[in-house]
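**Student:** Below is entry-v7.cif; it holds mmCIF, C-alpha atoms.
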```
data_input
loop_
_atom_site.group_PDB
_atom_site.id
_atom_site.type_symbol
_atom_site.label_atom_id
_atom_site.label_comp_id
_atom_site.auth_asym_id
_atom_site.auth_seq_id
_atom_site.Cartn_x
_atom_site.Cartn_y
_atom_site.Cartn_z
ATOM 1 C CA MET A 175 93.722 77.326 64.230
ATOM 2 C CA ARG A 176 96.229 79.584 65.974
ATOM 3 C CA LEU A 177 95.410 78.006 69.345
ATOM 4 C CA ARG A 178 95.999 74.537 67.905
ATOM 5 C CA LEU A 179 99.346 75.710 66.551
ATOM 6 C CA LEU A 180 100.360 77.043 69.967
ATOM 7 C CA PHE A 181 99.542 73.726 71.638
ATOM 8 C CA SER A 182 101.313 71.704 68.957
ATOM 9 C CA GLU A 183 104.419 73.867 69.317
ATOM 10 C CA ALA A 184 104.312 73.516 73.078
ATOM 11 C CA TRP A 185 103.928 69.724 72.845
ATOM 12 C CA ARG A 186 106.788 69.461 70.352
ATOM 13 C CA SER A 187 108.990 71.556 72.629
ATOM 14 C CA LEU A 188 108.186 69.429 75.660
ATOM 15 C CA GLY A 189 109.343 66.310 73.830
ATOM 16 C CA ALA A 190 112.408 67.973 72.316
ATOM 17 C CA ASN A 191 113.532 69.398 75.673
ATOM 18 C CA LEU A 192 112.604 66.463 77.889
ATOM 19 C CA SER A 193 115.382 67.015 80.440
ATOM 20 C CA THR A 194 114.397 70.623 81.203
ATOM 21 C CA THR A 195 110.717 69.606 81.249
ATOM 22 C CA VAL A 196 111.453 66.944 83.870
ATOM 23 C CA ALA A 197 113.608 69.418 85.825
ATOM 24 C CA ALA A 198 110.847 72.056 85.834
ATOM 25 C CA THR A 199 108.232 69.472 86.826
ATOM 26 C CA MET A 200 110.381 68.145 89.682
ATOM 27 C CA THR A 201 110.974 71.699 90.872
ATOM 28 C CA VAL A 202 107.225 72.315 91.007
ATOM 29 C CA LEU A 203 106.730 68.941 92.714
ATOM 30 C CA VAL A 204 109.195 69.765 95.505
ATOM 31 C CA GLY A 205 107.857 73.286 95.943
ATOM 32 C CA MET A 206 104.197 72.223 96.018
ATOM 33 C CA PHE A 207 104.918 69.268 98.299
ATOM 34 C CA LEU A 208 106.593 71.578 100.817
ATOM 35 C CA LEU A 209 103.787 74.112 100.419
ATOM 36 C CA GLY A 210 101.189 71.382 101.011
ATOM 37 C CA LEU A 211 102.960 70.221 104.156
ATOM 38 C CA PHE A 212 103.268 73.772 105.356
ATOM 39 C CA ILE A 213 99.593 74.529 104.687
ATOM 40 C CA ALA A 214 98.543 71.421 106.642
ATOM 41 C CA LEU A 215 100.847 72.056 109.603
ATOM 42 C CA GLY A 216 100.414 75.823 109.535
ATOM 43 C CA THR A 217 96.605 75.883 109.381
ATOM 44 C CA TRP A 218 96.400 73.210 112.089
ATOM 45 C CA THR A 219 98.725 75.226 114.339
ATOM 46 C CA VAL A 220 96.778 78.439 113.761
ATOM 47 C CA SER A 221 93.528 76.565 114.489
ATOM 48 C CA TRP A 222 95.072 75.193 117.693
ATOM 49 C CA SER A 223 96.135 78.696 118.795
ATOM 50 C CA ASP A 224 92.580 79.950 118.167
ATOM 51 C CA HIS A 225 91.260 77.027 120.222
ATOM 52 C CA VAL A 226 93.576 77.877 123.112
ATOM 53 C CA LYS A 227 92.620 81.555 122.960
ATOM 54 C CA LYS A 228 88.935 80.607 123.220
ATOM 55 C CA GLU A 229 89.684 78.800 126.483
ATOM 56 C CA LEU A 230 91.020 81.945 128.167
ATOM 57 C CA LEU A 231 88.561 82.794 130.944
ATOM 58 C CA VAL A 232 88.154 85.154 133.860
ATOM 59 C CA LYS A 233 86.760 83.407 136.937
ATOM 60 C CA VAL A 234 84.700 85.423 139.416
ATOM 61 C CA GLU A 235 84.741 83.530 142.730
ATOM 62 C CA PHE A 236 82.081 84.259 145.335
ATOM 63 C CA LYS A 237 82.607 84.268 149.083
ATOM 64 C CA THR A 238 82.087 81.048 151.044
ATOM 65 C CA ASN A 239 82.353 82.401 154.595
ATOM 66 C CA PRO A 240 79.926 83.999 154.875
ATOM 67 C CA GLN A 241 78.248 82.531 151.804
ATOM 68 C CA ALA A 242 77.411 85.060 149.070
ATOM 69 C CA THR A 243 73.680 85.515 148.658
ATOM 70 C CA LYS A 244 71.750 84.789 145.477
ATOM 71 C CA ALA A 245 70.956 88.493 145.214
ATOM 72 C CA GLN A 246 74.670 89.338 145.207
ATOM 73 C CA GLU A 247 75.408 86.677 142.582
ATOM 74 C CA ASN A 248 72.525 87.928 140.383
ATOM 75 C CA ALA A 249 73.795 91.509 140.711
ATOM 76 C CA VAL A 250 77.239 90.479 139.437
ATOM 77 C CA ALA A 251 75.683 88.508 136.563
ATOM 78 C CA LYS A 252 73.568 91.539 135.610
ATOM 79 C CA ALA A 253 76.667 93.755 135.600
ATOM 80 C CA LEU A 254 78.449 91.263 133.335
ATOM 81 C CA ASN A 255 75.580 91.429 130.828
ATOM 82 C CA GLN A 256 76.248 95.167 130.498
ATOM 83 C CA ASN A 257 80.049 94.867 130.328
ATOM 84 C CA LYS A 258 81.403 95.609 126.812
ATOM 85 C CA TYR A 259 84.361 93.253 127.310
ATOM 86 C CA VAL A 260 82.149 90.231 128.066
ATOM 87 C CA LYS A 261 81.114 87.803 125.348
ATOM 88 C CA SER A 262 79.361 85.272 127.588
ATOM 89 C CA TRP A 263 79.415 83.827 131.075
ATOM 90 C CA THR A 264 78.544 80.528 132.727
ATOM 91 C CA PHE A 265 77.524 79.965 136.342
ATOM 92 C CA VAL A 266 79.155 76.959 138.032
ATOM 93 C CA SER A 267 77.755 76.111 141.451
ATOM 94 C CA LYS A 268 79.984 74.845 144.229
ATOM 95 C CA GLU A 269 78.262 71.447 143.997
ATOM 96 C CA GLN A 270 78.961 71.174 140.266
ATOM 97 C CA ALA A 271 82.541 72.345 140.778
ATOM 98 C CA LEU A 272 83.135 69.607 143.383
ATOM 99 C CA LYS A 273 81.565 67.016 141.098
ATOM 100 C CA ASP A 274 83.831 68.037 138.205
ATOM 101 C CA MET A 275 86.869 68.042 140.462
ATOM 102 C CA SER A 276 86.012 64.549 141.730
ATOM 103 C CA LYS A 277 86.097 63.246 138.170
ATOM 104 C CA HIS A 278 89.560 64.645 137.440
ATOM 105 C CA TYR A 279 91.170 64.419 140.890
ATOM 106 C CA PRO A 280 89.369 61.690 142.881
ATOM 107 C CA ASP A 281 92.205 61.319 145.403
ATOM 108 C CA LEU A 282 91.982 64.974 146.425
ATOM 109 C CA THR A 283 88.233 64.939 147.019
ATOM 110 C CA LYS A 284 87.763 61.464 148.498
ATOM 111 C CA ASN A 285 87.850 62.334 152.221
ATOM 112 C CA LEU A 286 86.755 65.978 152.244
ATOM 113 C CA PRO A 287 84.633 66.766 155.360
ATOM 114 C CA TYR A 288 82.814 69.575 153.490
ATOM 115 C CA ASN A 289 82.761 71.358 150.143
ATOM 116 C CA PRO A 290 85.399 74.137 150.228
ATOM 117 C CA LEU A 291 84.798 75.297 146.656
ATOM 118 C CA PRO A 292 82.954 78.561 145.904
ATOM 119 C CA ASP A 293 80.258 79.388 143.387
ATOM 120 C CA VAL A 294 81.981 80.689 140.258
ATOM 121 C CA LEU A 295 81.088 82.740 137.197
ATOM 122 C CA GLN A 296 83.284 81.701 134.263
ATOM 123 C CA VAL A 297 83.461 84.743 131.995
ATOM 124 C CA THR A 298 84.574 84.565 128.340
ATOM 125 C CA PRO A 299 85.998 87.863 127.011
ATOM 126 C CA ASP A 300 84.645 89.345 123.792
ATOM 127 C CA LYS A 301 88.205 89.173 122.402
ATOM 128 C CA PRO A 302 91.028 87.086 123.912
ATOM 129 C CA GLU A 303 93.222 90.200 123.850
ATOM 130 C CA ASP A 304 90.690 91.990 126.133
ATOM 131 C CA ILE A 305 91.137 89.580 129.039
ATOM 132 C CA ALA A 306 93.240 92.079 131.035
ATOM 133 C CA LEU A 307 90.735 94.885 130.401
ATOM 134 C CA LEU A 308 87.881 92.598 131.447
ATOM 135 C CA SER A 309 89.648 91.685 134.671
ATOM 136 C CA GLN A 310 90.358 95.342 135.390
ATOM 137 C CA SER A 311 86.747 96.357 134.724
ATOM 138 C CA LEU A 312 85.595 93.990 137.510
ATOM 139 C CA ARG A 313 87.550 95.936 140.129
ATOM 140 C CA PRO A 314 86.930 97.055 142.817
ATOM 141 C CA LEU A 315 85.432 93.692 143.695
ATOM 142 C CA PRO A 316 81.626 93.681 143.745
ATOM 143 C CA GLU A 317 79.849 92.810 146.982
ATOM 144 C CA GLY A 318 79.897 89.081 147.667
ATOM 145 C CA VAL A 319 82.953 88.409 145.447
ATOM 146 C CA SER A 320 86.060 87.023 147.152
ATOM 147 C CA GLY A 321 88.441 87.250 144.209
ATOM 148 C CA ILE A 322 89.012 87.242 140.455
ATOM 149 C CA VAL A 323 91.255 84.703 138.729
ATOM 150 C CA ASP A 324 92.413 85.715 135.266
ATOM 151 C CA GLY A 325 95.645 83.743 134.818
ATOM 152 C CA LYS A 326 97.340 86.971 133.797
ATOM 153 C CA THR A 327 100.819 85.554 133.147
ATOM 154 C CA TYR A 328 99.496 82.407 131.454
ATOM 155 C CA SER A 329 97.073 84.379 129.272
ATOM 156 C CA LYS A 330 99.794 86.803 128.188
ATOM 157 C CA LYS A 331 102.105 83.970 127.140
ATOM 158 C CA ILE A 332 99.329 82.166 125.244
ATOM 159 C CA LEU A 333 98.460 85.315 123.292
ATOM 160 C CA GLN A 334 102.124 86.001 122.524
ATOM 161 C CA TYR A 335 102.684 82.460 121.254
ATOM 162 C CA ALA A 336 99.485 82.607 119.175
ATOM 163 C CA HIS A 337 100.532 85.870 117.493
ATOM 164 C CA VAL A 338 104.029 84.524 116.807
ATOM 165 C CA ILE A 339 102.545 81.395 115.197
ATOM 166 C CA GLU A 340 100.313 83.485 112.919
ATOM 167 C CA TYR A 341 103.161 85.803 111.872
ATOM 168 C CA VAL A 342 105.593 82.938 111.240
ATOM 169 C CA PHE A 343 103.001 81.063 109.142
ATOM 170 C CA THR A 344 102.315 84.137 106.992
ATOM 171 C CA VAL A 345 105.975 85.094 106.472
ATOM 172 C CA ALA A 346 107.117 81.525 105.784
ATOM 173 C CA THR A 347 104.334 81.022 103.206
ATOM 174 C CA VAL A 348 105.377 84.175 101.335
ATOM 175 C CA ILE A 349 109.048 83.135 101.403
ATOM 176 C CA LEU A 350 108.223 79.632 100.154
ATOM 177 C CA LEU A 351 106.141 81.013 97.263
ATOM 178 C CA ILE A 352 108.909 83.434 96.257
ATOM 179 C CA ALA A 353 111.538 80.666 96.425
ATOM 180 C CA SER A 354 109.349 78.336 94.343
ATOM 181 C CA THR A 355 108.800 81.051 91.717
ATOM 182 C CA LEU A 356 112.528 81.733 91.433
ATOM 183 C CA LEU A 357 113.381 78.034 91.152
ATOM 184 C CA ILE A 358 110.782 77.450 88.461
ATOM 185 C CA ALA A 359 111.826 80.599 86.578
ATOM 186 C CA ASN A 360 115.492 79.578 86.612
ATOM 187 C CA THR A 361 114.678 76.092 85.398
ATOM 188 C CA ILE A 362 112.508 77.383 82.559
ATOM 189 C CA ARG A 363 115.175 79.963 81.739
ATOM 190 C CA LEU A 364 117.554 77.129 80.843
ATOM 191 C CA SER A 365 115.019 75.784 78.349
ATOM 192 C CA ILE A 366 114.411 79.201 76.824
ATOM 193 C CA PHE A 367 118.134 80.018 76.665
ATOM 194 C CA SER A 368 118.818 76.850 74.686
ATOM 195 C CA ARG A 369 116.171 77.989 72.168
ATOM 196 C CA ARG A 370 116.984 81.697 72.100
ATOM 197 C CA ARG A 371 117.943 81.503 68.384
ATOM 198 C CA GLU A 372 114.525 80.070 67.608
ATOM 199 C CA VAL A 373 112.886 82.971 69.473
ATOM 200 C CA GLU A 374 115.024 85.508 67.614
ATOM 201 C CA VAL A 375 114.101 84.004 64.238
ATOM 202 C CA MET A 376 110.388 84.048 65.095
ATOM 203 C CA LYS A 377 110.646 87.707 66.093
ATOM 204 C CA LEU A 378 112.549 88.634 62.926
ATOM 205 C CA VAL A 379 109.881 87.078 60.686
ATOM 206 C CA GLY A 380 107.183 89.174 62.389
ATOM 207 C CA ALA A 381 105.799 86.953 65.159
ATOM 208 C CA THR A 382 104.110 88.938 67.950
ATOM 209 C CA ASN A 383 105.328 88.751 71.518
ATOM 210 C CA TRP A 384 102.248 86.833 72.632
ATOM 211 C CA PHE A 385 102.587 84.331 69.774
ATOM 212 C CA VAL A 386 106.180 83.649 70.860
ATOM 213 C CA ARG A 387 105.279 83.608 74.545
ATOM 214 C CA GLY A 388 102.254 81.308 74.102
ATOM 215 C CA PRO A 389 103.987 77.893 73.702
ATOM 216 C CA PHE A 390 106.376 78.643 76.578
ATOM 217 C CA MET A 391 103.514 79.611 78.890
ATOM 218 C CA ILE A 392 101.633 76.452 77.909
ATOM 219 C CA GLU A 393 104.784 74.483 78.754
ATOM 220 C CA GLY A 394 104.923 76.244 82.110
ATOM 221 C CA LEU A 395 101.257 75.457 82.766
ATOM 222 C CA PHE A 396 101.837 71.799 81.885
ATOM 223 C CA CYS A 397 104.884 71.531 84.169
ATOM 224 C CA GLY A 398 102.999 73.334 86.943
ATOM 225 C CA LEU A 399 99.946 71.086 86.631
ATOM 226 C CA LEU A 400 101.931 67.843 86.429
ATOM 227 C CA GLY A 401 104.216 68.832 89.309
ATOM 228 C CA SER A 402 101.226 69.822 91.482
ATOM 229 C CA LEU A 403 99.404 66.539 90.782
ATOM 230 C CA LEU A 404 102.522 64.529 91.636
ATOM 231 C CA ALA A 405 102.916 66.546 94.842
ATOM 232 C CA ILE A 406 99.294 65.767 95.767
ATOM 233 C CA VAL A 407 99.956 62.052 95.189
ATOM 234 C CA CYS A 408 103.009 62.240 97.485
ATOM 235 C CA LEU A 409 100.922 64.044 100.124
ATOM 236 C CA VAL A 410 98.225 61.355 99.898
ATOM 237 C CA VAL A 411 100.852 58.658 100.470
ATOM 238 C CA GLY A 412 102.333 60.609 103.390
ATOM 239 C CA LYS A 413 98.903 61.277 104.882
ATOM 240 C CA THR A 414 97.989 57.595 104.693
ATOM 241 C CA ALA A 415 101.259 56.565 106.344
ATOM 242 C CA ALA A 416 100.855 59.090 109.188
ATOM 243 C CA SER A 417 97.058 58.802 109.597
ATOM 244 C CA SER A 418 97.195 57.098 113.013
ATOM 245 C CA THR A 419 99.468 59.774 114.469
ATOM 246 C CA ILE A 420 97.370 62.577 112.953
ATOM 247 C CA LEU A 421 94.154 61.137 114.399
ATOM 248 C CA HIS A 422 95.733 60.798 117.856
ATOM 249 C CA VAL A 423 97.010 64.386 117.900
ATOM 250 C CA THR A 424 93.660 65.727 116.631
ATOM 251 C CA SER A 425 91.621 63.797 119.195
ATOM 252 C CA THR A 426 93.722 65.081 122.108
ATOM 253 C CA SER A 427 93.695 68.704 120.953
ATOM 254 C CA GLY A 428 89.977 69.416 120.722
ATOM 255 C CA SER A 429 87.180 68.793 118.230
ATOM 256 C CA ASP A 430 87.430 72.313 116.785
ATOM 257 C CA VAL A 431 91.166 72.039 116.056
ATOM 258 C CA HIS A 432 91.743 71.042 112.444
ATOM 259 C CA ALA A 433 93.751 71.934 109.356
ATOM 260 C CA TRP A 434 92.290 72.859 105.994
ATOM 261 C CA SER A 435 90.549 69.965 104.279
ATOM 262 C CA PHE A 436 92.719 67.942 101.919
ATOM 263 C CA GLY A 437 90.455 68.811 99.004
ATOM 264 C CA LEU A 438 90.896 72.544 99.593
ATOM 265 C CA THR A 439 94.660 72.132 99.998
ATOM 266 C CA SER A 440 94.803 70.183 96.724
ATOM 267 C CA LEU A 441 92.909 72.926 94.873
ATOM 268 C CA VAL A 442 95.304 75.527 96.290
ATOM 269 C CA LEU A 443 98.330 73.488 95.177
ATOM 270 C CA VAL A 444 96.982 73.016 91.641
ATOM 271 C CA GLY A 445 96.132 76.715 91.372
ATOM 272 C CA VAL A 446 99.498 77.853 92.727
ATOM 273 C CA GLY A 447 101.365 75.331 90.542
ATOM 274 C CA LEU A 448 99.598 76.550 87.402
ATOM 275 C CA GLY A 449 100.178 80.172 88.355
ATOM 276 C CA LEU A 450 103.863 79.671 89.117
ATOM 277 C CA GLY A 451 104.420 77.724 85.892
ATOM 278 C CA ALA A 452 102.796 80.395 83.723
ATOM 279 C CA LEU A 453 104.356 83.283 85.639
ATOM 280 C CA GLY A 454 107.823 81.736 85.644
ATOM 281 C CA SER A 455 107.825 81.149 81.894
ATOM 282 C CA GLY A 456 106.175 84.474 81.040
ATOM 283 C CA VAL A 457 108.499 86.613 83.150
ATOM 284 C CA THR A 458 111.619 84.702 82.117
ATOM 285 C CA LEU A 459 110.789 84.995 78.423
ATOM 286 C CA HIS A 460 110.431 88.784 78.614
ATOM 287 C CA ARG A 461 114.147 89.496 78.241
ATOM 288 C CA PHE A 462 114.436 87.265 75.154
ATOM 289 C CA LEU A 463 111.646 89.121 73.354
ATOM 290 C CA LYS A 464 113.727 92.279 73.044
ATOM 291 C CA VAL A 465 115.137 91.624 69.594
#
```
What's the structure tokens form of this structure?
**Tutor:**
Amino acid sequence: MRLRLLFSEAWRSLGANLSTTVAATMTVLVGMFLLGLFIALGTWTVSWSDHVKKELLVKVEFKTNPQATKAQENAVAKALNQNKYVKSWTFVSKEQALKDMSKHYPDLTKNLPYNPLPDVLQVTPDKPEDIALLSQSLRPLPEGVSGIVDGKTYSKKILQYAHVIEYVFTVATVILLIASTLLIANTIRLSIFSRRREVEVMKLVGATNWFVRGPFMIEGLFCGLLGSLLAIVCLVVGKTAASSTILHVTSTSGSDVHAWSFGLTSLVLVGVGLGLGALGSGVTLHRFLKV
């Protein structure tokens, strides 16, 4: 019976204060729409940075003149298996390397009198951040190895950019959530302020804090839910309009580069919208309960 009374009071208040209800709902809509966009772009960017970090390799090139022996190549491979900085390695023969190069740069390999490429071990570090330590652990050069290519400058920049992307995504998400909470709280505060006399009367006749707070929190939940659902609809429309561009960018970036699924993002938006609506109304009402 009490629960039904709380919902009836909340529904009556929503109709009686339609302008503030619309304002609160629109505030949630804007906040959740921006959050949805940011989740999509942010998680895709973080996934892309992880993809790039996985491509960081150390290349162990064997001598071509004189040609490194199979025993020397096997000795290096055995040492890599015992190296704590090595996750995996792949052997690429000089024949395979020339074949791959011919596919990508046919003009450069068309009239070659012989194969100048060496046998190579492509080594993946256990952690992208360990690429410098891995390169250092392979020195002095083992017998039969002509050089080690680790792309030191390139790798350092990639790791720096990846860390910056992760930090920016985290900080911006926190700021956006705080801003959304404040906007919703201020909007709901206007509704509560216009009904402060009603709250005071309820307190004076013996209503408990939670009985007074209940209808306002239900209002906040309703505004949060409705605003989140409208934001999801706007995101669906935007996603449909930009689907061709999204598919093109995804296909050129790698099969393992992707943002969170739309279903998961929608659940996050609904959950955050409900939480912000309830929190904004509950926290804002606290000062008016001190009668």
**Student:** Which residues, written as a ChimeraX atom specification, have at least one atom at most 12 Å from Lys273 (chain A), with all atoms listed in the file counted and residues fewer than 4 positions away on the same chain left out?
**Tutor:** /A:266-269,277-280,282-284,289,291
**Student:** Report the residues retrieved by the PyMOL selection byres ((chain A and resi 241-254) around 8) from the displayed file, expressed as a PyMOL selection string.
**Tutor:** chain A and resi 236-240+255-257+260+263+295+316-319
**Student:** Considering all atoms listed in the file, state which residue in the set A:Asp324, A:Glu340, A:Asp274, A:Glu393 is at the smallest distance from Pro302 (chain A).
**Tutor:** A:Asp324
**Student:** So that I can check the surroundings of Thr344 (chain A), please list as a PyMOL selection string every protein, DNA and RNA residue that reaches within 12 Å of it, counting all atoms listed in the file and ignoring chain neighbours fewer than 4 positions away.
**Tutor:** chain A and resi 212-213+216-217+220+337-340+348-351
**Student:** Mind listing whatever residues come within 10 Å of the point (89.1, 80.0, 127.5)? Use only C-alpha atoms, file coordinates, and give them as JSON, numbers by chain.
**Tutor:** {"A": [224, 225, 226, 227, 228, 229, 230, 231, 232, 296, 297, 298, 299, 302, 305, 329]}
**Student:** Between CA of Ser221 (chain A) and CA of Ala433 (chain A), what distance in Å does the model show, to one decimal?
**Tutor:**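 Going from CA of Ser221 (chain A) over to CA of Ala433 (chain A), I get 6.9 Å.
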**Student:** Please indicate the distance in Å from CA of Ser440 (chain A) to CA of Ser455 (chain A), rounded to one decimal place.
**Tutor:**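 According to the coordinates, CA of Ser440 (chain A) and CA of Ser455 (chain A) are separated by 22.6 Å.
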**Student:** What is the distance, in Å and to one decimal place, between CA of Pro290 (chain A) and CA of Thr264 (chain A)?
**Tutor:**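 A separation of 19.9 Å between them.
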**Student:** Using all atoms listed in the file, which protein or nucleic acid residues come within 12 Å of Val410 (chain A)? Drop anything in the same chain fewer than 6 positions from it, and give the result as a list in words.
**Tutor:**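 Final neighbour list, sorted by chain and number: Phe207, Gly210, Leu211, Leu403, Leu404, Ala416, Ser417, Phe436, Gly437, Thr439 and Ser440 of chain A.
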**Student:** What lies within 8 Å of region 442-448 of chain A using all atoms listed in the file, ignoring chain neighbours under 4 positions off, as JSON, numbers by chain?
**Tutor:** {"A": [202, 206, 209, 210, 394, 395, 396, 397, 398, 399, 401, 402, 403, 406, 438, 452]}
**Student:** Between A:Val407, A:Ala197, A:Ile352, A:Val379, which residue has the minimum interatomic distance to Leu450 (chain A), considering all atoms listed in the file?
**Tutor:**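 Closest to Leu450 (chain A), using all atoms listed in the file: A:Ile352.
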**Student:** Let me have the centre and edge lengths in Å, one decimal, of the box along x, y and z around every listed atom of region 319-322 of chain A with 6 Å of margin on each side, as JSON.
**Tutor:**
```
{"center_x": 86.0, "center_y": 87.7, "center_z": 143.8, "size_x": 18.1, "size_y": 13.4, "size_z": 18.7}
```
**Student:** In terms of the shortest atom-to-atom distance over only C-alpha atoms, which of A:Ala306, A:Val234, A:Val323, A:Leu453 is closest to Phe390 (chain A)?
**Tutor:**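 Among A:Ala306, A:Val234, A:Val323, A:Leu453, it is A:Leu453 that comes nearest to Phe390 (chain A).
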**Student:** Which one is closest to Thr219 (chain A): A:Leu308, A:Arg371, A:Ile322, A:Tyr341? Count all atoms listed in the file.
**Tutor:** A:Tyr341
